[in-house]
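Q: Sharing my_file_13.cif, mmCIF, C-alpha atoms and all ligand atoms:
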data_data
loop_
_atom_site.label_atom_id
_atom_site.label_comp_id
_atom_site.auth_asym_id
_atom_site.auth_seq_id
_atom_site.Cartn_x
_atom_site.Cartn_y
_atom_site.Cartn_z
CA MET E 1 86.72 52.91 47.03
CA ARG E 2 85.86 55.90 49.23
CA VAL E 3 87.28 56.61 52.67
CA GLU E 4 84.60 58.11 54.90
CA ILE E 5 85.45 60.94 57.25
CA LEU E 6 82.57 62.37 59.28
CA GLY E 7 80.07 61.54 56.58
CA VAL E 8 82.12 62.72 53.59
CA GLY E 9 83.46 60.01 51.28
CA PHE E 10 86.92 60.76 49.85
CA ASP E 11 88.27 58.96 46.80
CA ASN E 12 91.49 57.21 47.74
CA VAL E 13 93.53 58.26 44.72
CA THR E 14 96.96 59.66 43.93
CA MET E 15 97.31 62.91 41.98
CA ASP E 16 98.07 60.97 38.78
CA GLN E 17 94.97 58.81 39.18
CA ALA E 18 92.83 61.86 39.93
CA VAL E 19 94.06 63.70 36.83
CA ALA E 20 93.55 60.64 34.62
CA GLU E 21 89.98 60.37 35.90
CA GLY E 22 89.41 64.10 35.35
CA VAL E 23 90.60 63.81 31.74
CA ARG E 24 88.33 60.80 31.21
CA LEU E 25 85.28 62.59 32.67
CA ALA E 26 85.91 65.67 30.51
CA ASP E 27 85.54 63.34 27.55
CA THR E 28 82.47 61.48 28.78
CA GLU E 29 78.87 62.34 27.84
CA GLY E 30 76.87 64.14 30.53
CA ALA E 31 77.92 66.55 33.27
CA HIS E 32 80.36 65.45 35.98
CA TYR E 33 81.84 67.38 38.85
CA VAL E 34 84.83 67.30 41.16
CA VAL E 35 85.00 68.63 44.71
CA THR E 36 88.07 69.20 46.87
CA PRO E 37 86.91 69.42 50.49
CA ASN E 38 89.18 70.57 53.31
CA PRO E 39 88.39 70.07 57.03
CA GLU E 40 86.41 73.30 57.08
CA ILE E 41 84.06 72.01 54.40
CA VAL E 42 83.68 68.62 56.10
CA GLU E 43 82.69 70.47 59.28
CA ALA E 44 80.22 72.63 57.32
CA CYS E 45 78.66 69.47 55.82
CA ARG E 46 77.85 68.22 59.33
CA GLU E 47 75.38 71.06 59.68
CA ASP E 48 74.24 71.48 56.10
CA GLN E 49 72.52 68.49 54.47
CA GLU E 50 72.42 70.14 51.03
CA ALA E 51 76.17 70.72 51.16
CA LEU E 52 76.77 67.12 52.25
CA GLU E 53 74.69 65.78 49.38
CA ALA E 54 76.43 68.06 46.91
CA VAL E 55 79.87 66.92 48.10
CA ASN E 56 79.07 63.21 48.22
CA GLY E 57 77.25 63.42 44.90
CA ALA E 58 80.45 64.43 43.12
CA ASP E 59 82.12 62.09 40.66
CA LEU E 60 85.47 62.72 42.29
CA VAL E 61 86.03 63.81 45.91
CA LEU E 62 89.64 64.84 46.48
CA ALA E 63 91.40 65.34 49.82
CA ASP E 64 92.45 68.94 49.48
CA GLY E 65 94.52 69.43 52.60
CA ILE E 66 96.82 67.78 55.07
CA GLY E 67 94.02 67.95 57.68
CA VAL E 68 91.92 65.46 55.73
CA VAL E 69 94.91 63.14 55.41
CA TYR E 70 95.44 63.30 59.21
CA GLY E 71 91.74 62.68 59.76
CA ALA E 72 91.85 59.53 57.62
CA LYS E 73 94.92 58.34 59.51
CA ILE E 74 93.25 58.89 62.89
CA LEU E 75 90.36 56.74 61.67
CA GLY E 76 92.71 53.91 60.68
CA THR E 77 91.75 54.22 57.00
CA PRO E 78 94.68 56.17 55.56
CA LEU E 79 94.45 57.91 52.21
CA LYS E 80 97.21 57.60 49.60
CA GLY E 81 97.95 61.29 50.09
CA ARG E 82 96.58 64.75 49.62
CA VAL E 83 95.42 65.93 46.22
CA PRO E 84 95.29 69.74 46.47
CA GLY E 85 92.60 71.18 44.23
CA ILE E 86 94.89 73.85 42.83
CA GLU E 87 97.49 71.29 41.73
CA PHE E 88 94.80 69.03 40.27
CA ALA E 89 93.60 72.04 38.26
CA GLN E 90 97.13 72.79 37.04
CA HIS E 91 97.73 69.23 35.87
CA LEU E 92 94.34 69.20 34.19
CA MET E 93 95.12 72.44 32.32
CA GLY E 94 98.40 70.92 31.14
CA ARG E 95 96.47 68.01 29.65
CA MET E 96 93.77 70.27 28.21
CA ALA E 97 96.38 72.36 26.44
CA GLN E 98 97.53 69.15 24.73
CA ASN E 99 94.17 67.66 23.87
CA GLY E 100 92.42 70.85 22.75
CA LYS E 101 89.70 70.92 25.42
CA SER E 102 88.35 74.36 26.31
CA LEU E 103 87.93 75.98 29.71
CA PHE E 104 85.50 78.45 31.27
CA LEU E 105 86.55 80.33 34.40
CA LEU E 106 83.71 81.23 36.76
CA GLY E 107 84.14 83.10 40.02
CA ALA E 108 86.02 85.71 42.05
CA LYS E 109 85.65 89.47 41.95
CA PRO E 110 85.04 91.25 38.62
CA GLY E 111 88.22 91.38 36.53
CA VAL E 112 90.02 88.55 38.31
CA ALA E 113 88.94 85.74 35.97
CA GLU E 114 90.01 87.81 32.91
CA LYS E 115 93.43 88.32 34.45
CA ALA E 116 93.69 84.64 35.35
CA ALA E 117 92.75 83.66 31.78
CA GLU E 118 95.50 85.82 30.36
CA ARG E 119 98.16 84.44 32.68
CA LEU E 120 97.06 80.82 32.30
CA GLN E 121 97.18 81.04 28.51
CA GLY E 122 100.78 82.19 28.87
CA GLN E 123 101.62 79.38 31.28
CA TYR E 124 99.88 76.64 29.27
CA PRO E 125 100.50 77.39 25.61
CA GLY E 126 97.62 76.01 23.57
CA LEU E 127 95.11 76.23 26.42
CA ARG E 128 91.78 77.46 25.08
CA VAL E 129 89.83 79.68 27.47
CA ALA E 130 86.30 79.79 26.06
CA GLY E 131 85.00 82.44 28.44
CA VAL E 132 84.99 83.96 31.92
CA HIS E 133 82.45 85.37 34.38
CA ASP E 134 82.82 86.87 37.84
CA GLY E 135 81.34 85.14 40.88
CA TYR E 136 79.06 87.91 42.11
CA PHE E 137 75.91 87.37 40.07
CA GLN E 138 72.31 87.30 41.28
CA GLU E 139 70.74 84.98 38.71
CA ASP E 140 72.07 81.71 37.37
CA GLY E 141 70.28 81.94 34.02
CA PRO E 142 72.53 84.41 32.16
CA VAL E 143 75.66 82.74 33.52
CA LEU E 144 74.51 79.30 32.40
CA GLU E 145 73.69 80.74 28.99
CA ALA E 146 77.17 82.26 28.72
CA ILE E 147 78.85 78.95 29.58
CA ARG E 148 76.63 77.01 27.22
CA ALA E 149 77.25 79.49 24.39
CA SER E 150 81.01 79.30 24.96
CA GLY E 151 80.94 75.56 24.27
CA ALA E 152 83.43 74.94 27.10
CA ASP E 153 84.28 71.34 27.95
CA VAL E 154 85.45 72.13 31.48
CA VAL E 155 84.38 74.82 33.99
CA PHE E 156 86.38 75.90 37.01
CA VAL E 157 83.78 77.00 39.56
CA CYS E 158 85.38 79.30 42.12
CA LEU E 159 82.57 80.66 44.30
CA GLY E 160 83.85 79.51 47.71
CA ALA E 161 82.52 76.51 49.63
CA PRO E 162 79.88 75.22 50.00
CA LYS E 163 78.27 77.60 47.51
CA GLN E 164 80.23 76.20 44.55
CA GLU E 165 79.45 72.56 45.43
CA LYS E 166 75.71 73.28 45.59
CA TRP E 167 75.93 75.33 42.40
CA MET E 168 77.65 72.52 40.48
CA ARG E 169 75.14 69.92 41.64
CA ARG E 170 72.20 72.12 40.71
CA ASN E 171 73.49 73.54 37.45
CA GLY E 172 76.04 71.10 36.09
CA GLU E 173 73.82 69.70 33.35
CA ALA E 174 72.60 73.15 32.26
CA THR E 175 76.15 74.34 31.49
CA GLY E 176 76.53 71.82 28.68
CA ALA E 177 80.09 71.16 29.92
CA HIS E 178 81.27 67.64 30.73
CA LEU E 179 83.37 68.50 33.77
CA LEU E 180 83.03 71.12 36.51
CA VAL E 181 85.65 71.53 39.22
CA GLY E 182 85.04 73.43 42.48
CA LEU E 183 88.20 75.33 43.29
CA GLY E 184 87.51 77.99 45.95
CA GLY E 185 90.00 80.82 45.83
CA CYS E 186 92.10 79.44 42.95
CA LEU E 187 91.30 82.23 40.48
CA ASP E 188 92.77 84.74 42.94
CA VAL E 189 96.00 82.72 42.80
CA PHE E 190 95.93 82.12 39.03
CA SER E 191 95.42 85.85 38.43
CA GLY E 192 98.51 86.64 40.50
CA GLU E 193 96.52 88.62 43.07
CA VAL E 194 97.16 86.13 45.86
CA ARG E 195 100.28 84.09 46.29
CA ARG E 196 100.39 80.43 47.31
CA ALA E 197 102.57 79.54 50.30
CA PRO E 198 106.26 78.89 49.52
CA GLU E 199 106.98 75.27 48.62
CA ALA E 200 108.71 74.59 51.95
CA PHE E 201 105.45 75.36 53.79
CA GLN E 202 103.47 73.20 51.38
CA LYS E 203 105.86 70.25 51.82
CA MET E 204 105.67 70.47 55.61
CA GLY E 205 101.88 70.56 55.50
CA LEU E 206 101.91 74.11 56.85
CA GLU E 207 100.26 75.98 54.01
CA TRP E 208 97.36 76.79 56.39
CA LEU E 209 99.83 78.52 58.76
CA TYR E 210 101.17 80.69 55.96
CA ARG E 211 97.67 81.67 54.90
CA LEU E 212 96.82 82.48 58.51
CA ALA E 213 99.91 84.66 58.92
CA LYS E 214 99.06 86.53 55.72
CA ASN E 215 95.43 86.94 56.63
CA PRO E 216 94.83 86.73 60.41
CA SER E 217 91.07 87.19 59.96
CA ARG E 218 91.01 83.54 58.83
CA VAL E 219 91.62 82.44 62.42
CA GLY E 220 87.94 81.63 63.03
CA ARG E 221 87.92 79.39 59.95
CA MET E 222 91.23 77.79 60.94
CA MET E 223 89.87 76.70 64.30
CA LYS E 224 87.76 74.23 62.35
CA LEU E 225 90.89 72.14 61.79
CA PRO E 226 91.52 71.03 65.41
CA LEU E 227 87.76 70.65 65.84
CA PHE E 228 87.67 68.41 62.79
CA LEU E 229 90.45 66.20 64.19
CA VAL E 230 88.63 65.91 67.53
CA HIS E 231 85.45 64.92 65.71
CA ALA E 232 87.35 62.39 63.60
CA ALA E 233 88.83 60.86 66.76
CA GLY E 234 85.28 60.74 68.15
CA GLN E 235 84.05 58.88 65.06
CA LYS E 236 86.73 56.24 65.61
CA LYS E 237 85.63 55.62 69.20
CA SER E 238 81.93 55.35 68.43
N1 LIG Y 1 83.46 84.23 45.70
C1 LIG Y 1 82.64 84.41 44.60
N2 LIG Y 1 81.32 84.66 44.80
C2 LIG Y 1 80.76 84.68 46.04
C3 LIG Y 1 81.61 84.45 47.15
C4 LIG Y 1 82.95 84.23 46.94
O1 LIG Y 1 83.10 84.39 43.46
O2 LIG Y 1 79.56 84.90 46.14
C5 LIG Y 1 84.89 83.99 45.46
C6 LIG Y 1 85.84 84.89 46.19
O3 LIG Y 1 85.99 86.11 45.48
C7 LIG Y 1 87.09 84.05 46.22
C8 LIG Y 1 86.55 82.63 46.32
O4 LIG Y 1 85.19 82.70 45.92
O5 LIG Y 1 87.79 84.19 45.01
C9 LIG Y 1 86.60 82.03 47.71
O6 LIG Y 1 87.88 82.07 48.17
P1 LIG Y 1 88.30 81.43 49.58
O7 LIG Y 1 89.75 81.57 49.71
O8 LIG Y 1 87.40 81.95 50.67
O9 LIG Y 1 87.86 79.94 49.32
P2 LIG Y 1 88.45 78.58 49.82
O10 LIG Y 1 89.41 78.14 48.77
O11 LIG Y 1 89.08 78.79 51.17
O12 LIG Y 1 87.17 77.75 49.86
#
Translate the structure described by the file into structure tokens.

A:
Amino acid sequence: MRVEILGVGFDNVTMDQAVAEGVRLADTEGAHYVVTPNPEIVEACREDQEALEAVNGADLVLADGIGVVYGAKILGTPLKGRVPGIEFAQHLMGRMAQNGKSLFLLGAKPGVAEKAAERLQGQYPGLRVAGVHDGYFQEDGPVLEAIRASGADVVFVCLGAPKQEKWMRRNGEATGAHLLVGLGGCLDVFSGEVRRAPEAFQKMGLEWLYRLAKNPSRVGRMMKLPLFLVHAAGQKKS
């Protein structure tokens, strides 16, 4: 069952259910993909049909931030909770380290994915990283070939939104992987270059405030959150 917010359908699942589904999809024939939209992406989808189709076409649509959870509440169709993409990815890697599935890291500036791979293999003993590629390429062909040749089961696609969602929809099958997950700036965090907000901020639903304080140039993007809530309230009335 999906909860619709401004045209985007979110899967009403807990973290455990999401991870179980991710593990199942990674083991299922064909290419599947997961998206983790925040309010900013939902707003972008209102003006970009291709992005909307890419997001709604995903096999799993997870409510990345507290804003989406508020939006669902405003609409009277509450979600079970938020399922942050980065935590979904961490749980998934834990399971992959146990079941021998291999991972390809795609995205971020040159050198970042390599660093992330090294750190992740330390954090998840047994995790197999089949390959990496930066996110600043001009042609898809060589990248798809690299992923296919690596034989990876799962690909973390970290190209920023909505680029990564469109990329996964267009190229999922050609990677040969069973599961692709769109994860925005996660490789920057996994590499240790960017730090996540302290847990207290995360628990209070204020991770966005921490990110804003660290990087004030995000203010334009952040203003999408109140706008999103106003639009959600508008959807309820109409
Ligand atoms: N990025 C990329 N290729 C591009 C544009 C962006 O690999 O053409 C990367 C960028 O280096 C960063 C991530 O995509 O690692 C986007 O991070 P951001 O925090 O903006 O994404 P969010 O999680 O907020 O969607």

Q: So which residues are near ligand LIG 1 (chain Y), meaning at most 7 Å away with only C-alpha atoms and all ligand atoms counted, given back as a PyMOL selection string?

A: chain E and resi 107-109+134-136+158-161+183-188

Q: Generate a file of the selected residues that holds C-alpha atoms, formatted as a PDB file, in the coordinates of the input.

A:
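What ended up in again_3.pdb:
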ATOM      1  CA  GLY E 107      84.140  83.100  40.020  1.00  0.00           C
ATOM      2  CA  ALA E 108      86.020  85.710  42.050  1.00  0.00           C
ATOM      3  CA  LYS E 109      85.650  89.470  41.950  1.00  0.00           C
ATOM      4  CA  ASP E 134      82.820  86.870  37.840  1.00  0.00           C
ATOM      5  CA  GLY E 135      81.340  85.140  40.880  1.00  0.00           C
ATOM      6  CA  TYR E 136      79.060  87.910  42.110  1.00  0.00           C
ATOM      7  CA  CYS E 158      85.380  79.300  42.120  1.00  0.00           C
ATOM      8  CA  LEU E 159      82.570  80.660  44.300  1.00  0.00           C
ATOM      9  CA  GLY E 160      83.850  79.510  47.710  1.00  0.00           C
ATOM     10  CA  ALA E 161      82.520  76.510  49.630  1.00  0.00           C
ATOM     11  CA  LEU E 183      88.200  75.330  43.290  1.00  0.00           C
ATOM     12  CA  GLY E 184      87.510  77.990  45.950  1.00  0.00           C
ATOM     13  CA  GLY E 185      90.000  80.820  45.830  1.00  0.00           C
ATOM     14  CA  CYS E 186      92.100  79.440  42.950  1.00  0.00           C
ATOM     15  CA  LEU E 187      91.300  82.230  40.480  1.00  0.00           C
ATOM     16  CA  ASP E 188      92.770  84.740  42.940  1.00  0.00           C
TER      17      ASP E 188
END

Q: Looking at E:Gly57, E:Gly131, E:Gly94, E:Gly192, which one is nearest to Arg170 (chain E), with distances taken over all atoms listed in the file?

A: E:Gly57

Q: Between E:Leu105, E:Val143, E:Ala116, E:Ala18, which one has atoms that come closest to Glu87 (chain E), using all atoms listed in the file?

A: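 Selected residue with least distance to Glu87 (chain E): E:Ala18.
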
Q: Determine, for each residue of region 46-129 of chain E having at least one atom at most 10 Å from an atom of region 195-213 of chain E, the closest pair of atoms and their separation in Å to one decimal, counting all atoms listed in the file; order by chain and ascending number, as a tab-separated table.

A:
residue	atom	partner	partner_atom	distance
E:Gly65	CA	E:Gly205	CA	8.0
E:Ile66	CA	E:Gly205	CA	5.8
E:Gly67	CA	E:Gly205	CA	8.6
E:Arg82	CA	E:Gly205	CA	9.8
E:Ile86	CA	E:Arg196	CA	9.7

Q: Measuring atom to atom with all atoms listed in the file, identify which of E:Val69, E:Leu120, E:Ala89, E:Leu144 is nearest to Glu4 (chain E).

A: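 Answer, going by the shortest atom-to-atom distance: E:Val69.
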
Q: Any idea what the distance is between CA of Arg221 (chain E) and CA of Asp64 (chain E)?

A: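 Atom-to-atom, CA of Arg221 (chain E) and CA of Asp64 (chain E) are spaced 15.5 Å apart.
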
Q: How big is the axis-aligned box, and where does its centre sit, when it encloses all atoms of region 187-200 of chain E listed in the file and has 4 Å added on every side, reported in Å to one decimal as lines of an AutoDock Vina configuration file?

A:
center_x = 100.0
center_y = 81.6
center_z = 45.2
size_x = 25.4
size_y = 22.0
size_z = 21.5

Q: Record the distance separating CA of His178 (chain E) and CA of Asp48 (chain E), expressed in Å with one decimal.

A: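 Separation between CA of His178 (chain E) and CA of Asp48 (chain E): 26.6 Å.
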
Q: When you count all atoms listed in the file, which of these residues is closest to Asn171 (chain E): E:Ala20, E:Leu227, E:Ala54, E:Val8?

A: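 The closest residue to Asn171 (chain E) is E:Ala54.
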
Q: Which residue, E:Gln98, E:Leu79, E:Val42, E:Arg148, has the smallest gap to Leu225 (chain E) when you use all atoms listed in the file?

A: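 Of the candidates, the smallest distance to Leu225 (chain E) is held by E:Val42.
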
Q: For region 228-234 of chain E, work out the shell of residues within 7 Å, counting all atoms listed in the file and skipping chain neighbours fewer than 5 positions away, then give it as an MDAnalysis selection string.

A: chainID E and resid 5:6 39 43 71 74:75
